[in-house]
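Source file my_file.pdb; content: PDB, C-alpha atoms, pLDDT in the B column.
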```pdb
MODEL        1
ATOM      1  CA  MET G   1       0.000   0.000   0.000  1.00 50.00           C
ATOM      2  CA  LYS G   2       1.350   3.400  -0.932  1.00 60.00           C
ATOM      3  CA  LEU G   3       2.115   5.764   1.925  1.00 52.00           C
ATOM      4  CA  GLU G   4      -0.521   8.333   0.876  1.00 60.00           C
ATOM      5  CA  LYS G   5      -3.181   5.596   0.985  1.00 66.00           C
ATOM      6  CA  ALA G   6      -2.218   4.520   4.516  1.00 69.00           C
ATOM      7  CA  ASN G   7      -4.379   7.254   6.085  1.00 78.00           C
ATOM      8  CA  LEU G   8      -7.826   7.127   4.474  1.00 79.00           C
ATOM      9  CA  VAL G   9      -8.840  10.629   5.600  1.00 78.00           C
ATOM     10  CA  SER G  10      -5.655  12.250   4.250  1.00 78.00           C
ATOM     11  CA  TRP G  11      -5.892  10.255   1.026  1.00 80.00           C
ATOM     12  CA  CYS G  12      -9.529  11.260   0.512  1.00 80.00           C
ATOM     13  CA  ARG G  13      -8.753  14.939   1.140  1.00 77.00           C
ATOM     14  CA  GLN G  14      -5.775  14.798  -1.226  1.00 79.00           C
ATOM     15  CA  LEU G  15      -7.815  13.184  -4.015  1.00 80.00           C
ATOM     16  CA  ALA G  16     -10.673  15.660  -3.600  1.00 77.00           C
ATOM     17  CA  GLN G  17      -8.358  18.671  -3.633  1.00 76.00           C
ATOM     18  CA  SER G  18      -6.531  17.463  -6.712  1.00 78.00           C
ATOM     19  CA  GLY G  19      -9.487  16.515  -8.849  1.00 73.00           C
ATOM     20  CA  GLY G  20     -12.903  16.682  -7.263  1.00 63.00           C
ATOM     21  CA  LEU G  21     -15.435  13.868  -7.123  1.00 62.00           C
ATOM     22  CA  ASP G  22     -14.310  12.191 -10.345  1.00 69.00           C
ATOM     23  CA  ASN G  23     -10.889  11.761  -8.821  1.00 78.00           C
ATOM     24  CA  VAL G  24     -12.157  10.440  -5.483  1.00 78.00           C
ATOM     25  CA  LEU G  25     -13.765   7.434  -7.161  1.00 86.00           C
ATOM     26  CA  GLU G  26     -10.265   6.000  -6.752  1.00 85.00           C
ATOM     27  CA  LEU G  27     -11.379   5.405  -3.148  1.00 86.00           C
ATOM     28  CA  VAL G  28     -13.781   2.681  -4.278  1.00 89.00           C
ATOM     29  CA  ASP G  29     -12.403  -0.798  -3.677  1.00 87.00           C
ATOM     30  CA  GLU G  30     -10.626  -1.883  -6.849  1.00 88.00           C
ATOM     31  CA  ARG G  31     -11.846  -5.444  -6.277  1.00 93.00           C
ATOM     32  CA  LEU G  32     -15.239  -4.232  -7.538  1.00 90.00           C
ATOM     33  CA  LYS G  33     -13.560  -3.859 -10.963  1.00 88.00           C
ATOM     34  CA  GLY G  34     -15.708  -0.879 -11.870  1.00 87.00           C
ATOM     35  CA  GLU G  35     -18.943  -2.815 -11.338  1.00 92.00           C
ATOM     36  CA  TYR G  36     -20.708  -0.400  -9.006  1.00 92.00           C
ATOM     37  CA  ASP G  37     -23.094   2.516  -9.292  1.00 91.00           C
ATOM     38  CA  LYS G  38     -20.780   5.496  -9.767  1.00 88.00           C
ATOM     39  CA  GLU G  39     -23.547   7.946  -8.850  1.00 86.00           C
ATOM     40  CA  GLN G  40     -24.154   6.195  -5.515  1.00 88.00           C
ATOM     41  CA  ALA G  41     -20.418   5.959  -4.849  1.00 89.00           C
ATOM     42  CA  SER G  42     -20.035   9.684  -5.588  1.00 84.00           C
ATOM     43  CA  LEU G  43     -22.916  10.461  -3.228  1.00 87.00           C
ATOM     44  CA  CYS G  44     -21.349   8.461  -0.402  1.00 88.00           C
ATOM     45  CA  ILE G  45     -17.928   9.995  -0.995  1.00 85.00           C
ATOM     46  CA  ASN G  46     -19.376  13.518  -1.120  1.00 83.00           C
ATOM     47  CA  LEU G  47     -21.188  12.896   2.169  1.00 89.00           C
ATOM     48  CA  ALA G  48     -17.965  11.581   3.681  1.00 87.00           C
ATOM     49  CA  LEU G  49     -16.135  14.717   2.528  1.00 84.00           C
ATOM     50  CA  LEU G  50     -18.821  16.874   4.133  1.00 86.00           C
ATOM     51  CA  CYS G  51     -18.218  15.015   7.395  1.00 87.00           C
ATOM     52  CA  LEU G  52     -14.421  15.408   7.071  1.00 82.00           C
ATOM     53  CA  GLN G  53     -14.466  19.199   7.049  1.00 82.00           C
ATOM     54  CA  LYS G  54     -11.938  20.612   9.489  1.00 81.00           C
ATOM     55  CA  MET G  55     -14.448  23.077  10.974  1.00 82.00           C
ATOM     56  CA  PRO G  56     -17.019  21.026  12.921  1.00 86.00           C
ATOM     57  CA  GLU G  57     -19.733  23.675  12.557  1.00 86.00           C
ATOM     58  CA  LEU G  58     -19.650  23.167   8.773  1.00 85.00           C
ATOM     59  CA  ARG G  59     -20.236  19.421   9.025  1.00 88.00           C
ATOM     60  CA  PRO G  60     -23.790  18.207   8.404  1.00 90.00           C
ATOM     61  CA  ASP G  61     -25.616  16.649  11.309  1.00 92.00           C
ATOM     62  CA  ILE G  62     -26.967  13.102  11.103  1.00 94.00           C
ATOM     63  CA  GLY G  63     -30.458  14.379  10.283  1.00 95.00           C
ATOM     64  CA  ASP G  64     -29.112  16.154   7.194  1.00 93.00           C
ATOM     65  CA  ILE G  65     -27.266  13.000   6.139  1.00 94.00           C
ATOM     66  CA  VAL G  66     -30.421  10.883   6.513  1.00 94.00           C
ATOM     67  CA  ARG G  67     -32.494  13.403   4.509  1.00 95.00           C
ATOM     68  CA  ILE G  68     -29.876  13.426   1.735  1.00 93.00           C
ATOM     69  CA  LEU G  69     -29.781   9.623   1.604  1.00 92.00           C
ATOM     70  CA  ARG G  70     -33.595   9.498   1.464  1.00 93.00           C
ATOM     71  CA  GLY G  71     -33.577  12.022  -1.381  1.00 91.00           C
ATOM     72  CA  GLU G  72     -35.448  14.594   0.726  1.00 95.00           C
ATOM     73  CA  MET G  73     -32.596  17.101   0.687  1.00 93.00           C
ATOM     74  CA  GLU G  74     -30.259  18.193  -2.075  1.00 90.00           C
ATOM     75  CA  VAL G  75     -26.620  17.216  -1.768  1.00 84.00           C
ATOM     76  CA  PRO G  76     -24.594  20.324  -0.937  1.00 80.00           C
ATOM     77  CA  PRO G  77     -21.694  21.227  -3.224  1.00 77.00           C
ATOM     78  CA  LEU G  78     -18.228  19.871  -2.587  1.00 70.00           C
ATOM     79  CA  PRO G  79     -16.909  21.449   0.618  1.00 66.00           C
ATOM     80  CA  PHE G  80     -14.932  24.654   0.059  1.00 63.00           C
ATOM     81  CA  GLU G  81     -11.712  23.201   1.438  1.00 67.00           C
ATOM     82  CA  PHE G  82     -11.850  20.457  -1.217  1.00 64.00           C
ATOM     83  CA  SER G  83     -13.053  22.613  -4.088  1.00 55.00           C
ATOM     84  CA  PRO G  84     -10.972  24.612  -6.560  1.00 46.00           C
ATOM     85  CA  SER G  85     -13.583  27.409  -6.405  1.00 47.00           C
ATOM     86  CA  PRO G  86     -15.854  28.444  -3.531  1.00 46.00           C
ATOM     87  CA  PRO G  87     -19.551  27.497  -3.660  1.00 48.00           C
ATOM     88  CA  PRO G  88     -22.200  30.224  -3.826  1.00 49.00           C
ATOM     89  CA  PRO G  89     -23.083  31.507  -0.323  1.00 51.00           C
ATOM     90  CA  SER G  90     -26.635  30.126  -0.572  1.00 50.00           C
ATOM     91  CA  LYS G  91     -25.274  26.576  -0.800  1.00 49.00           C
ATOM     92  CA  LEU G  92     -23.153  26.660   2.357  1.00 49.00           C
ATOM     93  CA  PHE G  93     -24.372  24.919   5.492  1.00 50.00           C
ATOM     94  CA  HIS G  94     -25.319  27.600   7.991  1.00 51.00           C
ATOM     95  CA  LYS G  95     -25.025  25.960  11.371  1.00 50.00           C
ATOM     96  CA  SER G  96     -24.814  29.002  13.620  1.00 47.00           C
ATOM     97  CA  ARG G  97     -28.599  29.170  14.168  1.00 46.00           C
ATOM     98  CA  ARG G  98     -28.760  25.469  15.026  1.00 51.00           C
ATOM     99  CA  LYS G  99     -25.732  25.897  17.291  1.00 49.00           C
ATOM    100  CA  GLN G 100     -27.381  28.881  19.007  1.00 48.00           C
ATOM    101  CA  ARG G 101     -30.525  26.827  19.650  1.00 48.00           C
ATOM    102  CA  ALA G 102     -28.432  23.979  21.051  1.00 54.00           C
ATOM    103  CA  ASN G 103     -26.705  26.438  23.383  1.00 53.00           C
ATOM    104  CA  GLY G 104     -30.051  27.819  24.559  1.00 54.00           C
ATOM    105  CA  ASP G 105     -29.801  31.156  22.739  1.00 49.00           C
ATOM    106  CA  ASN G 106     -33.329  32.078  21.680  1.00 47.00           C
ATOM    107  CA  ASN G 107     -32.310  35.055  19.563  1.00 46.00           C
ATOM    108  CA  THR G 108     -33.205  34.292  15.973  1.00 44.00           C
ATOM    109  CA  SER G 109     -30.989  36.036  13.516  1.00 43.00           C
ATOM    110  CA  THR G 110     -31.173  35.860   9.769  1.00 44.00           C
ATOM    111  CA  GLU G 111     -28.120  34.889   7.813  1.00 41.00           C
TER     112      GLU G 111
ENDMDL
END
```

Could you quickly redo this structure as structure tokens?
Amino acid sequence: MKLEKANLVSWCRQLAQSGGLDNVLELVDERLKGEYDKEQASLCINLALLCLQKMPELRPDIGDIVRILRGEMEVPPLPFEFSPSPPPPSKLFHKSRRKQRANGDNNTSTE
């Protein structure tokens, strides 16, 4: 196993930063010999990348993940830290309101 593949998180980040979701399909087990649903694999990898963001407040919560997997919520764009260009502000996860509610802050601010 190559050194860069020894740490799955680092390898995934490196692949995403160097080529986006097409590139990260290298993460799929080669024993599948390409016989898998690439769309589903991309979805799972994108969700994993969302959960790997360095800033915890940008990570989706489990409810968001479940809604995405059920098809009830659109998959957000590739996280900024993995993307060659930033996503439009409307597509970013805005967690501060949820975090405020969790901390007992009842002030509702618009973002």

Around stretch 50-61 of chain G, with edges along x, y and z and 5 Å added on all six sides, what centre and edge lengths do you get, in Å to one decimal, as lines of an AutoDock Vina configuration file?
```
center_x = -18.8
center_y = 19.3
center_z = 8.5
size_x = 23.7
size_y = 18.7
size_z = 18.8
```

d(atom CA of G:Glu26, atom CA of G:Gly63) in Å |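 One can read the atom CA of G:Glu26 to atom CA of G:Gly63 distance as 27.7 Å.
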
Sel. within 12 Å of pt (-18.6, 9.7, -0.7), counting only C-alpha atoms, output as number ranges by chain | G: 9, 12-13, 15-16, 20-28, 38-52, 65, 69, 75, 78-79

Å distance separating atom CA of G:Glu35 from atom CA of G:Gly19, one decimal place =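 Spanning atom CA of G:Glu35 to atom CA of G:Gly19 is a straight-line distance of 21.7 Å.
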
re atom CA of G:Ser18 and atom CA of G:Pro77: distance 16.0 Å
